[in-house]
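Working notes, structure below.
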There are 2 protein chains.
Amino acid sequence: MAHARGSGILFVLSGPSGAGKGTVCKALMETLPDMRLSVSVTTRPPRPGERHGVNYFFHTKAEFEAMIENGELLEWARVFDNYYGTPRAYVEENLAAGHDVLLEIDIQGAMQVKRAYPQGVFIFLIPPSATELEARILGRGTETEDSFRQRFGAARHELQMMKEYNYVVVNDVVEAACERIRAIMTAEHCSVSRNLHLMSEW
Amino acid sequence: MAHARGSGILFVLSGPSGAGKGTVCKALMETLPDMRLSVSVTTRPPRPGERHGVNYFFHTKAEFEAMIENGELLEWARVFDNYYGTPRAYVEENLAAGHDVLLEIDIQGAMQVKRAYPQGVFIFLIPPSATELEARILGRGTETEDSFRQRFGAARHELQMMKEYNYVVVNDVVEAACERIRAIMTAEHCSVSRNLHLMSEW
């Protein structure tokens, strides 16, 4: 994939709960050797097998709160007793060096990133249908009737956030969704607004 | 390629003289069986082997002028003694039936189409460099020194029209250029503005 001169592109993969963001992100990364995956920072303890700098950057609450204070996070959220966030430096340094960066994140996080970095490309991943989403949530087998209704209702509500994004990709088959996302990446590198430097090169 | 519900997309392939629009358009069509290629109408006589409705629609000047009068052309131009134009009906009928339409056209024509149909996707094809353009023009072997300077100067001037387009594709290798254009087509079908109907389907 040709890179825009000077600067890479930030691609934000987001979408409602149950869309399959994690699976698609992992499959994408396997086919994009030059893409840099943004690693989140968290205050929750590592689970067995998780490595600092690979799955997450693990920090204490005091360290995390200092990062917030110093504007070191592109976005962050507190979930129950733990913080999660996206380190700004990793993203900005890679973009400046001409590398594309992929960030997989929930909708609230994506909206924070959009405010901080509107020139990013925001991709909304959705399940193929309400029926399929229902099946996916139930398939986890961990839901009570109440929690199912809550998750399903939230996902329908979240679908309305689509209009805040640049692209919507239906995750019917993982490989097909990846193919569409790779096409979006190629197309964005061809957008005129990212290639105006070509006009002065002749 | 998934089609946006209800309506196809008009893709306009254009660019400066010497960019290789015709070659790329032909190669694209060979790999896109569902794409409809817009056929131009002209008043010049058919050359040997050219067929009505395939290479051009051949019409008399009186017929062409009636088409102008009746608003039947998306764009048209007079080149020396002959008219050339794009029939509106073929484009609009195919788009309404959900088919994508590809239109290969010079920059002046593309700008007319943009005024008539701004929701089209305008792709600017350019040679990889000024040096390469020079070689391509000279390679035709039909240029005098004067006509070369004129063509080359025009192409440099035309390059500034890039900013009126949505995408710019460098035609370094034909198959690579086609791959980028197919990616643009896929991406445009994923654009949120063409898929807002998904929000009301759940």
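Chain labels follow the order of the structure tokens: the first chain is A, the next B, and so on; residue numbering restarts at 1 in every chain, and ligands are counted from 1 in their shown order.
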
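The chain B residues that come within 7 Å of chain A are B:Ala130, B:Arg156, B:Leu159, B:Gln160, B:Lys163, B:Tyr165, B:Asn166, B:Tyr167, B:Val168, B:Val169, B:Arg180, B:Ala183, B:Ile184, B:Thr186, B:Ala187, B:Cys190, B:Ser191, B:Val192, B:Met199, B:Trp202, with only C-alpha atoms taken into account.
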
Show which residues sit within 9 Å of Pro45 of chain A, as an mmCIF file with N, CA and C atoms, in the first residue's frame. Count only C-alpha atoms, and ignore same-chain residues fewer than 3 positions away.
```cif
data_model
loop_
_atom_site.group_PDB
_atom_site.id
_atom_site.type_symbol
_atom_site.label_atom_id
_atom_site.label_comp_id
_atom_site.auth_asym_id
_atom_site.auth_seq_id
_atom_site.Cartn_x
_atom_site.Cartn_y
_atom_site.Cartn_z
ATOM 1 N N THR A 42 -3.714 0.103 30.688
ATOM 2 C CA THR A 42 -4.755 -0.230 31.658
ATOM 3 C C THR A 42 -4.174 -0.347 33.056
ATOM 4 N N PHE A 58 0.703 -2.085 31.196
ATOM 5 C CA PHE A 58 0.129 -2.175 32.541
ATOM 6 C C PHE A 58 0.748 -1.105 33.439
ATOM 7 N N HIS A 59 -0.132 -0.258 34.002
ATOM 8 C CA HIS A 59 0.345 0.812 34.872
ATOM 9 C C HIS A 59 -0.475 0.881 36.154
#
```

Atom pair atom CA of Arg149 of chain B + atom CA of Thr23 of chain B, distance 23.4 Å

A:Asp100, A:Val91, A:Ser17, A:Asn55: which is nearest Glu72 of chain A, counting only C-alpha atoms?
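Once distances to Glu72 of chain A are computed over only C-alpha atoms, the minimum belongs to A:Val91.
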
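Among the residues of segment 18-71 of chain A, backbone DSSP assigns strand (DSSP E or B) to Arg36, Leu37, Val41, Thr42, His52, Tyr56, Phe57 and Phe58 of chain A.
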
Limited to N, CA and C atoms, could you put the picked residues into a file as a short mmCIF file (atom, residue, chain, number, x, y, z; two decimals), in the first residue's frame?
```cif
data_model
loop_
_atom_site.label_atom_id
_atom_site.label_comp_id
_atom_site.auth_asym_id
_atom_site.auth_seq_id
_atom_site.Cartn_x
_atom_site.Cartn_y
_atom_site.Cartn_z
N ARG A 36 0.72 -0.59 12.22
CA ARG A 36 1.04 -0.57 13.65
C ARG A 36 -0.26 -0.63 14.43
N LEU A 37 -0.36 -1.57 15.34
CA LEU A 37 -1.56 -1.69 16.17
C LEU A 37 -1.37 -0.90 17.45
N VAL A 41 -3.39 1.23 27.35
CA VAL A 41 -2.83 1.19 28.69
C VAL A 41 -3.98 0.91 29.66
N THR A 42 -3.71 0.10 30.69
CA THR A 42 -4.75 -0.23 31.66
C THR A 42 -4.17 -0.35 33.06
N HIS A 52 3.23 -7.03 28.88
CA HIS A 52 3.34 -5.57 28.86
C HIS A 52 3.84 -5.11 27.49
N TYR A 56 -1.35 -5.12 26.54
CA TYR A 56 -1.60 -3.82 27.16
C TYR A 56 -0.29 -3.27 27.69
N PHE A 57 -0.28 -1.96 27.95
CA PHE A 57 0.72 -1.39 28.86
C PHE A 57 0.08 -1.39 30.24
N PHE A 58 0.70 -2.08 31.20
CA PHE A 58 0.13 -2.17 32.54
C PHE A 58 0.75 -1.10 33.44
#
```

d(atom CA of Gln119 of chain B, atom CA of Glu93 of chain B) in Å
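A separation of 15.6 Å between them.
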
At a cut-off of 12 Å, using only C-alpha atoms, what residues contact Ala77 of chain A? Leave out same-chain residues fewer than 4 positions from it and give the result as a PyMOL selection string.
chain A and resi 40-43+64-65+68+73+81-86+105-113

Residues from last step as file, N, CA, C and O atoms, as a short mmCIF file (atom, residue, chain, number, x, y, z; two decimals), in the first residue's frame:
```cif
data_model
loop_
_atom_site.label_atom_id
_atom_site.label_comp_id
_atom_site.auth_asym_id
_atom_site.auth_seq_id
_atom_site.Cartn_x
_atom_site.Cartn_y
_atom_site.Cartn_z
N SER A 40 -3.32 -0.46 24.15
CA SER A 40 -3.95 0.32 25.20
C SER A 40 -3.15 0.25 26.50
O SER A 40 -2.38 -0.68 26.72
N VAL A 41 -3.39 1.23 27.35
CA VAL A 41 -2.83 1.19 28.69
C VAL A 41 -3.98 0.91 29.66
O VAL A 41 -5.11 1.35 29.45
N THR A 42 -3.71 0.10 30.69
CA THR A 42 -4.75 -0.23 31.66
C THR A 42 -4.17 -0.35 33.06
O THR A 42 -2.97 -0.57 33.22
N THR A 43 -5.06 -0.19 34.04
CA THR A 43 -4.63 -0.37 35.43
C THR A 43 -5.06 -1.72 35.98
O THR A 43 -4.75 -2.05 37.12
N PHE A 64 -1.48 6.15 35.82
CA PHE A 64 -2.52 6.45 34.84
C PHE A 64 -3.06 7.86 35.03
O PHE A 64 -3.24 8.62 34.07
N GLU A 65 -3.31 8.20 36.29
CA GLU A 65 -3.87 9.54 36.57
C GLU A 65 -2.87 10.63 36.18
O GLU A 65 -3.27 11.71 35.73
N ILE A 68 -3.26 11.09 32.46
CA ILE A 68 -4.44 11.93 32.17
C ILE A 68 -4.06 13.40 32.36
O ILE A 68 -4.28 14.23 31.47
N LEU A 73 -2.96 10.88 26.94
CA LEU A 73 -3.91 9.88 26.42
C LEU A 73 -4.82 10.50 25.35
O LEU A 73 -5.37 11.58 25.56
N ASP A 81 -13.55 -0.36 38.56
CA ASP A 81 -12.41 0.14 39.34
C ASP A 81 -11.14 0.35 38.52
O ASP A 81 -10.10 0.70 39.08
N ASN A 82 -11.24 0.13 37.22
CA ASN A 82 -10.01 0.23 36.42
C ASN A 82 -10.10 1.28 35.32
O ASN A 82 -11.18 1.58 34.81
N TYR A 83 -8.94 1.78 34.97
CA TYR A 83 -8.81 2.72 33.85
C TYR A 83 -8.33 1.99 32.61
O TYR A 83 -7.53 1.04 32.68
N TYR A 84 -8.81 2.48 31.46
CA TYR A 84 -8.30 2.03 30.16
C TYR A 84 -8.07 3.27 29.31
O TYR A 84 -8.87 4.21 29.38
N GLY A 85 -7.03 3.27 28.48
CA GLY A 85 -6.80 4.44 27.65
C GLY A 85 -5.87 4.15 26.48
O GLY A 85 -5.31 3.06 26.36
N THR A 86 -5.75 5.14 25.59
CA THR A 86 -4.90 5.02 24.40
C THR A 86 -3.76 6.02 24.49
O THR A 86 -4.01 7.23 24.48
N ILE A 105 -11.48 -0.05 19.20
CA ILE A 105 -11.96 0.67 20.38
C ILE A 105 -13.48 0.74 20.37
O ILE A 105 -14.11 0.66 19.31
N ASP A 106 -14.09 0.88 21.55
CA ASP A 106 -15.55 0.99 21.61
C ASP A 106 -15.99 2.38 21.11
O ASP A 106 -15.16 3.25 20.82
N ILE A 107 -17.30 2.56 21.02
CA ILE A 107 -17.83 3.77 20.39
C ILE A 107 -17.50 5.03 21.17
O ILE A 107 -17.10 6.05 20.60
N GLN A 108 -17.64 4.95 22.51
CA GLN A 108 -17.32 6.14 23.32
C GLN A 108 -15.88 6.56 23.14
O GLN A 108 -15.58 7.75 23.00
N GLY A 109 -14.99 5.57 23.12
CA GLY A 109 -13.57 5.87 22.92
C GLY A 109 -13.33 6.47 21.54
O GLY A 109 -12.58 7.44 21.39
N ALA A 110 -13.99 5.91 20.54
CA ALA A 110 -13.81 6.40 19.16
C ALA A 110 -14.24 7.86 19.05
O ALA A 110 -13.59 8.66 18.36
N MET A 111 -15.32 8.21 19.76
CA MET A 111 -15.79 9.60 19.68
C MET A 111 -14.80 10.56 20.35
O MET A 111 -14.61 11.68 19.89
N GLN A 112 -14.14 10.09 21.41
CA GLN A 112 -13.08 10.92 22.03
C GLN A 112 -11.90 11.09 21.06
O GLN A 112 -11.35 12.18 20.94
N VAL A 113 -11.53 9.98 20.39
CA VAL A 113 -10.42 10.05 19.44
C VAL A 113 -10.76 11.00 18.29
O VAL A 113 -9.93 11.78 17.83
#
```

Please return, as a PyMOL selection string, all residues of chain A that DSSP assigns to helix (DSSP H, G or I) on the basis of the backbone.
chain A and resi 21-31+61-69+88-96+107-116+130-139+145-164+174-189+192-194+196-200

In Å, how far is it from atom CA of Val174 of chain B to atom CA of Leu28 of chain B?
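Here the two named atoms are 9.3 Å from each other.
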